[in-house]
Amino acid sequence: MFADRVLSGMRPTGRMHLGHYHGALKNWVRLQEEHECLYFAADWHAVGINPARATIFIQSRVPEHAELALLLGMIAPVGWLERVPTYKDQQEKLADRDLSTYGFLGYPVMQGADILVYRANLVPVGEDQVSHLELIRELARRFNHIFGREPAFEEKAKAAIKRLGSRRAKRYEQLRAAFQEKGDEAALTAAREMIDAAQNLALGDQERLFGYLEGSRRVILPEPKPLLTATPRIPGLDGQKMSKSYGNTIMLREDAASITKKIRTMQTDPARVHRSDPGTPEKCPVWPLHQIYSDEARQAWVQKGCTTAGIGCLECKQPVIDAIIAEQEPIKERAQKYLDDPSLVRAIVADGCERARKLAEETMRDVREAMGLAYT
Ligand code: SF4
């Protein structure tokens, strides 16, 4: 069992291209080796996301997302939502679309519910999304502050410490002191892991011990932390961001002849009109592909060959073509099984939805109880 739980999702916008692969999926494959992972939407296991390791599900099949979003909406100050940079940004950019809806303003609350309903403590994000996650952390904090109160909290927390057993209780007190007196974050993490692993504790006691580490409230919804991941931005065939709407994509599972043709006809540094004209890799959209697909020696070969006109552009592109085709081989092979029998995909998703719902239901039981909504 892993100590951390990672949650990540992707909008199902059609067939995947290399931008999705390098921007997210490759990272997901790696993360499933290190953490318990939940990924939502479908059609992805072909790239190596393993349904035995990661839970793959569809958001709308877990109605607890919507229930938690509704409840969080009751405590989310409108001012917080209006301040979200993307809210204003998108409203200006997409002025022709009607974005003055309650749903659009509340989008970060829905995202918060997506994460908090699984009590995920790690969310893979890029630098630009950290502020988004900060809002979700604030929502969780606010929820715990309002609903995590309980009479005689301190006594109950102390009783829970005793239930840890004397050795672990002593360790808990030491770690708590290290965090509270010296701000030692590593001690906080170690204490959380210890509580997480304490199988004999009831959930309420676990929440108290989490809360007692930092203050005087139960932690019903833990604050998720960003898992900063540097994912390379893969350029499209024209050097812009790779996107279906720009028509500049290489798809995952594209056939080799088509990949070859697309890259061979890709733009290069405009200074290289003739084979004998030297160029500058930094001005060429092929160069970022070499940075992803080529090792240092190959990159040095490109730099030297391009700037001295020692190599031609087609020669320079060939290793990238070979690397992309090689990368797609195993993906195609794995996908074939599911293309031949789509019921396998349905079974994986049904199983993932069930697993996800179980986790979400556990959280909602505590949320309802804390909010006084648990009627029996
Ligand atoms: S040699 Fe390579 S890097 Fe230089 S312009 Fe041609 S394709 Fe681009």
# chains A, B, ... in the order shown; residues from 1 in each chain; ligands from 1
$ residues_near_ligand --ligand "ligand 1" --cutoff "10 Å" --atoms "only C-alpha atoms and all ligand atoms" --output "JSON list (two decimals) with N, CA and C atoms, in the first residue's frame"
[["chain", "number", "residue", "atom", "x", "y", "z"],
["A", 263, "ILE", "N", 6.62, 14.55, -40.83],
["A", 263, "ILE", "CA", 7.86, 15.15, -40.32],
["A", 263, "ILE", "C", 8.77, 15.57, -41.47],
["A", 264, "ARG", "N", 8.78, 14.79, -42.51],
["A", 264, "ARG", "CA", 9.63, 15.18, -43.66],
["A", 264, "ARG", "C", 9.18, 16.51, -44.27],
["A", 266, "MET", "N", 7.71, 18.88, -42.55],
["A", 266, "MET", "CA", 7.63, 19.89, -41.48],
["A", 266, "MET", "C", 8.51, 21.10, -41.79],
["A", 267, "GLN", "N", 8.04, 22.29, -41.36],
["A", 267, "GLN", "CA", 8.87, 23.49, -41.55],
["A", 267, "GLN", "C", 10.20, 23.35, -40.81],
["A", 268, "THR", "N", 11.22, 24.07, -41.33],
["A", 268, "THR", "CA", 12.50, 24.12, -40.62],
["A", 268, "THR", "C", 12.91, 25.58, -40.51],
["A", 269, "ASP", "N", 14.14, 25.83, -40.09],
["A", 269, "ASP", "CA", 14.59, 27.22, -40.00],
["A", 269, "ASP", "C", 14.52, 27.85, -41.40],
["A", 270, "PRO", "N", 13.76, 28.94, -41.56],
["A", 270, "PRO", "CA", 13.60, 29.54, -42.89],
["A", 270, "PRO", "C", 14.93, 30.00, -43.51],
["A", 271, "ALA", "N", 15.98, 30.14, -42.67],
["A", 271, "ALA", "CA", 17.28, 30.57, -43.21],
["A", 271, "ALA", "C", 17.90, 29.48, -44.10],
["A", 272, "ARG", "N", 17.45, 28.25, -43.92],
["A", 272, "ARG", "CA", 18.04, 27.14, -44.70],
["A", 272, "ARG", "C", 17.29, 26.93, -46.02],
["A", 273, "VAL", "N", 17.44, 27.89, -46.89],
["A", 273, "VAL", "CA", 16.76, 27.78, -48.19],
["A", 273, "VAL", "C", 17.45, 26.69, -49.01],
["A", 275, "ARG", "N", 20.59, 23.67, -49.26],
["A", 275, "ARG", "CA", 21.31, 22.69, -48.43],
["A", 275, "ARG", "C", 22.60, 23.31, -47.88],
["A", 277, "ASP", "N", 23.06, 26.42, -46.97],
["A", 277, "ASP", "CA", 22.86, 27.54, -46.03],
["A", 277, "ASP", "C", 22.90, 27.01, -44.60],
["A", 278, "PRO", "N", 23.72, 27.61, -43.74],
["A", 278, "PRO", "CA", 23.69, 27.17, -42.34],
["A", 278, "PRO", "C", 22.40, 27.62, -41.64],
["A", 279, "GLY", "N", 22.03, 26.94, -40.60],
["A", 279, "GLY", "CA", 20.80, 27.30, -39.87],
["A", 279, "GLY", "C", 21.05, 27.39, -38.36],
["A", 280, "THR", "N", 19.95, 27.67, -37.65],
["A", 280, "THR", "CA", 20.03, 27.77, -36.18],
["A", 280, "THR", "C", 18.95, 26.85, -35.60],
["A", 281, "PRO", "N", 19.34, 25.78, -34.94],
["A", 281, "PRO", "CA", 18.33, 24.85, -34.43],
["A", 281, "PRO", "C", 17.26, 25.53, -33.57],
["A", 282, "GLU", "N", 17.66, 26.54, -32.78],
["A", 282, "GLU", "CA", 16.70, 27.21, -31.89],
["A", 282, "GLU", "C", 15.58, 27.89, -32.68],
["A", 283, "LYS", "N", 15.80, 28.11, -33.96],
["A", 283, "LYS", "CA", 14.74, 28.74, -34.77],
["A", 283, "LYS", "C", 13.93, 27.72, -35.56],
["A", 284, "CYS", "N", 14.16, 26.45, -35.26],
["A", 284, "CYS", "CA", 13.54, 25.39, -36.05],
["A", 284, "CYS", "C", 12.62, 24.53, -35.17],
["A", 285, "PRO", "N", 11.39, 24.27, -35.62],
["A", 285, "PRO", "CA", 10.47, 23.46, -34.80],
["A", 285, "PRO", "C", 10.90, 21.99, -34.66],
["A", 286, "VAL", "N", 11.88, 21.57, -35.46],
["A", 286, "VAL", "CA", 12.35, 20.18, -35.32],
["A", 286, "VAL", "C", 13.24, 20.04, -34.07],
["A", 287, "TRP", "N", 13.90, 21.12, -33.72],
["A", 287, "TRP", "CA", 14.84, 21.07, -32.59],
["A", 287, "TRP", "C", 14.19, 20.64, -31.28],
["A", 288, "PRO", "N", 13.03, 21.20, -30.89],
["A", 288, "PRO", "CA", 12.42, 20.72, -29.64],
["A", 288, "PRO", "C", 12.11, 19.23, -29.68],
["A", 289, "LEU", "N", 11.87, 18.70, -30.86],
["A", 289, "LEU", "CA", 11.63, 17.25, -30.95],
["A", 289, "LEU", "C", 12.92, 16.48, -30.66],
["A", 290, "HIS", "N", 14.05, 17.03, -31.15],
["A", 290, "HIS", "CA", 15.33, 16.39, -30.82],
["A", 290, "HIS", "C", 15.58, 16.46, -29.32],
["A", 299, "GLN", "N", 22.07, 15.33, -30.15],
["A", 299, "GLN", "CA", 21.76, 16.76, -30.14],
["A", 299, "GLN", "C", 22.99, 17.58, -30.56],
["A", 301, "TRP", "N", 25.28, 16.54, -32.55],
["A", 301, "TRP", "CA", 25.38, 16.30, -34.01],
["A", 301, "TRP", "C", 24.47, 17.26, -34.77],
["A", 302, "VAL", "N", 23.26, 17.47, -34.23],
["A", 302, "VAL", "CA", 22.32, 18.40, -34.88],
["A", 302, "VAL", "C", 22.89, 19.83, -34.83],
["A", 303, "GLN", "N", 23.33, 20.22, -33.65],
["A", 303, "GLN", "CA", 23.84, 21.59, -33.48],
["A", 303, "GLN", "C", 24.96, 21.86, -34.47],
["A", 304, "LYS", "N", 25.91, 20.93, -34.50],
["A", 304, "LYS", "CA", 27.07, 21.14, -35.36],
["A", 304, "LYS", "C", 26.67, 21.08, -36.84],
["A", 305, "GLY", "N", 25.91, 20.04, -37.17],
["A", 305, "GLY", "CA", 25.53, 19.84, -38.57],
["A", 305, "GLY", "C", 24.67, 20.98, -39.11],
["A", 306, "CYS", "N", 23.79, 21.50, -38.29],
["A", 306, "CYS", "CA", 22.87, 22.55, -38.74],
["A", 306, "CYS", "C", 23.62, 23.88, -38.90],
["A", 307, "THR", "N", 24.40, 24.23, -37.89],
["A", 307, "THR", "CA", 25.05, 25.56, -37.92],
["A", 307, "THR", "C", 26.18, 25.62, -38.95],
["A", 308, "THR", "N", 26.69, 24.45, -39.37],
["A", 308, "THR", "CA", 27.77, 24.47, -40.36],
["A", 308, "THR", "C", 27.29, 23.99, -41.74],
["A", 309, "ALA", "N", 25.99, 23.75, -41.85],
["A", 309, "ALA", "CA", 25.41, 23.18, -43.07],
["A", 309, "ALA", "C", 26.05, 21.82, -43.41],
["A", 310, "GLY", "N", 26.51, 21.14, -42.38],
["A", 310, "GLY", "CA", 27.12, 19.82, -42.57],
["A", 310, "GLY", "C", 26.10, 18.73, -42.84],
["A", 311, "ILE", "N", 24.86, 18.92, -42.36],
["A", 311, "ILE", "CA", 23.80, 17.94, -42.63],
["A", 311, "ILE", "C", 22.62, 18.64, -43.29],
["A", 312, "GLY", "N", 21.83, 17.87, -44.00],
["A", 312, "GLY", "CA", 20.62, 18.42, -44.59],
["A", 312, "GLY", "C", 19.46, 18.23, -43.63],
["A", 313, "CYS", "N", 18.36, 18.95, -43.89],
["A", 313, "CYS", "CA", 17.23, 18.88, -42.96],
["A", 313, "CYS", "C", 16.59, 17.48, -42.94],
["A", 314, "LEU", "N", 16.52, 16.82, -44.10],
["A", 314, "LEU", "CA", 15.90, 15.50, -44.10],
["A", 314, "LEU", "C", 16.73, 14.51, -43.29],
["A", 315, "GLU", "N", 18.05, 14.67, -43.41],
["A", 315, "GLU", "CA", 18.97, 13.82, -42.65],
["A", 315, "GLU", "C", 18.76, 14.06, -41.15],
["A", 316, "CYS", "N", 18.58, 15.33, -40.82],
["A", 316, "CYS", "CA", 18.40, 15.73, -39.42],
["A", 316, "CYS", "C", 17.08, 15.18, -38.86],
["A", 317, "LYS", "N", 16.07, 15.14, -39.70],
["A", 317, "LYS", "CA", 14.74, 14.71, -39.23],
["A", 317, "LYS", "C", 14.62, 13.20, -39.04],
["A", 318, "GLN", "N", 15.46, 12.43, -39.78],
["A", 318, "GLN", "CA", 15.28, 10.98, -39.78],
["A", 318, "GLN", "C", 15.32, 10.35, -38.37],
["A", 320, "VAL", "N", 14.43, 11.58, -35.61],
["A", 320, "VAL", "CA", 13.19, 11.91, -34.90],
["A", 320, "VAL", "C", 12.07, 11.00, -35.40]]
$ residues_around --residues "segment 34-43 of chain A" --least-positions-apart "5" --cutoff "8 Å" --atoms "only C-alpha atoms" --output "ChimeraX atom specification"
/A:1-12,53-59,345,349,356
$ write_last_selection --atoms "N, CA and C atoms" --output "compact mmCIF listing (two decimals), in the first residue's frame"
# COMPACT_ATOMS: atom_id res chain seq x y z
N MET A 1 0.85 -1.20 0.00
CA MET A 1 0.00 0.00 0.00
C MET A 1 0.88 1.25 0.00
N PHE A 2 0.53 2.23 -0.83
CA PHE A 2 1.32 3.45 -0.91
C PHE A 2 0.79 4.47 0.11
N ALA A 3 1.70 5.35 0.57
CA ALA A 3 1.27 6.38 1.53
C ALA A 3 0.51 7.51 0.85
N ASP A 4 0.91 7.84 -0.39
CA ASP A 4 0.29 8.97 -1.06
C ASP A 4 -0.75 8.51 -2.08
N ARG A 5 -1.76 9.36 -2.25
CA ARG A 5 -2.76 9.06 -3.26
C ARG A 5 -2.77 10.20 -4.28
N VAL A 6 -2.59 9.83 -5.53
CA VAL A 6 -2.50 10.83 -6.60
C VAL A 6 -3.80 10.81 -7.41
N LEU A 7 -4.28 12.00 -7.74
CA LEU A 7 -5.46 12.05 -8.60
C LEU A 7 -5.17 12.93 -9.80
N SER A 8 -5.54 12.49 -10.98
CA SER A 8 -5.37 13.32 -12.16
C SER A 8 -6.44 12.95 -13.18
N GLY A 9 -6.84 13.93 -13.95
CA GLY A 9 -7.89 13.66 -14.93
C GLY A 9 -7.59 14.33 -16.25
N MET A 10 -8.30 13.89 -17.27
CA MET A 10 -8.12 14.51 -18.57
C MET A 10 -9.47 14.55 -19.27
N ARG A 11 -9.73 15.67 -19.93
CA ARG A 11 -11.02 15.76 -20.63
C ARG A 11 -11.00 14.87 -21.85
N PRO A 12 -12.05 14.10 -22.03
CA PRO A 12 -12.06 13.22 -23.21
C PRO A 12 -12.39 14.04 -24.46
N ARG A 53 -2.74 -1.42 -11.55
CA ARG A 53 -1.98 -0.52 -10.66
C ARG A 53 -2.74 0.78 -10.38
N ALA A 54 -3.33 1.34 -11.43
CA ALA A 54 -4.03 2.61 -11.27
C ALA A 54 -5.53 2.40 -11.50
N THR A 55 -6.33 3.17 -10.81
CA THR A 55 -7.78 3.08 -10.99
C THR A 55 -8.20 4.03 -12.10
N ILE A 56 -8.85 3.48 -13.11
CA ILE A 56 -9.26 4.28 -14.26
C ILE A 56 -10.78 4.37 -14.24
N PHE A 57 -11.31 5.58 -14.23
CA PHE A 57 -12.76 5.69 -14.10
C PHE A 57 -13.30 6.92 -14.82
N ILE A 58 -14.62 7.00 -14.85
CA ILE A 58 -15.27 8.14 -15.50
C ILE A 58 -15.95 8.98 -14.42
N GLN A 59 -15.62 10.24 -14.45
CA GLN A 59 -16.08 11.16 -13.40
C GLN A 59 -17.61 11.10 -13.19
N VAL A 345 -12.37 -2.86 -22.43
CA VAL A 345 -12.29 -1.48 -21.94
C VAL A 345 -13.45 -1.21 -21.00
N VAL A 349 -13.19 -0.04 -17.05
CA VAL A 349 -13.79 1.20 -16.56
C VAL A 349 -14.84 0.91 -15.50
N ALA A 356 -13.43 3.53 -7.42
CA ALA A 356 -13.43 4.96 -7.12
C ALA A 356 -14.62 5.32 -6.25
$ atom_distance --atom1 "atom CA of Pro151 of chain A" --atom2 "atom CA of Ala374 of chain A"
18.1 Å
$ select_by_dssp --residues "segment 57-190 of chain A" --states "strand (DSSP E or B)" --output "list in words"
Phe57, Leu122, Val123, Pro124 and Val125 of chain A
$ residues_around --residues "segment 365-368 of chain A" --least-positions-apart "6" --cutoff "9 Å" --atoms "only C-alpha atoms" --output "short mmCIF file (atom, residue, chain, number, x, y, z; two decimals) with N, CA, C and O atoms, in the first residue's frame"
data_model
loop_
_atom_site.label_atom_id
_atom_site.label_comp_id
_atom_site.auth_asym_id
_atom_site.auth_seq_id
_atom_site.Cartn_x
_atom_site.Cartn_y
_atom_site.Cartn_z
N LEU A 68 -20.39 16.44 -3.44
CA LEU A 68 -19.39 17.21 -2.70
C LEU A 68 -19.26 18.62 -3.29
O LEU A 68 -19.10 19.60 -2.56
N PHE A 147 -16.29 22.65 9.82
CA PHE A 147 -16.99 21.41 10.19
C PHE A 147 -16.13 20.42 10.99
O PHE A 147 -16.62 19.37 11.39
N LEU A 203 -11.63 5.61 11.62
CA LEU A 203 -11.43 6.78 10.75
C LEU A 203 -11.51 8.10 11.51
O LEU A 203 -10.71 9.01 11.31
N GLY A 204 -12.46 8.19 12.43
CA GLY A 204 -12.62 9.42 13.22
C GLY A 204 -11.35 9.72 14.00
O GLY A 204 -10.91 10.88 14.08
N ILE A 220 -11.08 16.53 7.91
CA ILE A 220 -12.01 15.66 7.19
C ILE A 220 -11.60 15.59 5.72
O ILE A 220 -11.62 14.55 5.09
N LEU A 221 -11.19 16.75 5.20
CA LEU A 221 -10.71 16.81 3.82
C LEU A 221 -9.26 17.26 3.83
O LEU A 221 -8.99 18.44 4.04
N ALA A 374 -26.07 13.21 8.26
CA ALA A 374 -26.13 11.74 8.28
C ALA A 374 -27.38 11.30 9.01
O ALA A 374 -27.38 11.21 10.22
N TYR A 375 -28.44 11.10 8.27
CA TYR A 375 -29.70 10.69 8.90
C TYR A 375 -29.77 9.18 8.93
O TYR A 375 -29.49 8.54 7.94
#
$ residues_around --residues "Arg253 of chain A" --least-positions-apart "5" --cutoff "7 Å" --atoms "only C-alpha atoms" --output "ChimeraX atom specification"
/A:328,331-332
$ closest_residue --among "A:Pro330, A:Pro224, A:Gly79, A:Gly215" --to "Leu252 of chain A" --atoms "only C-alpha atoms"
A:Pro330
$ closest_residue --among "A:Ala198, A:Leu122, A:Met242, A:Ala76" --to "Ile146 of chain A" --atoms "only C-alpha atoms"
A:Ala76
$ residues_around --residues "Ala178 of chain A" --least-positions-apart "5" --cutoff "9 Å" --atoms "only C-alpha atoms" --output "MDAnalysis selection string"
chainID A and resid 173 183:185 187:188
$ residues_around --residues "Leu133 of chain A" --least-positions-apart "5" --cutoff "10 Å" --atoms "only C-alpha atoms" --output "VMD selection string"
chain A and resid 108 111 to 112 115 123 125 128 138 to 139 223 to 226
$ closest_residue --among "A:Ala160, A:Ala69, A:Cys353, A:Leu94" --to "Ile136 of chain A" --atoms "only C-alpha atoms"
A:Ala69
$ select_by_dssp --residues "segment 219-298 of chain A" --states "helix (DSSP H, G or I)" --output "list in words"
Lys244, Ser245, Tyr246, Ala256, Ala257, Ser258, Ile259, Thr260, Lys261, Lys262, Ile263, Arg264, Pro281, Glu282, Lys283, Val286, Trp287, Pro288, Leu289, His290, Gln291, Ile292, Tyr293, Glu296, Ala297 and Arg298 of chain A
$ atom_distance --atom1 "atom CA of Gly126 of chain A" --atom2 "atom CA of Lys262 of chain A"
28.9 Å
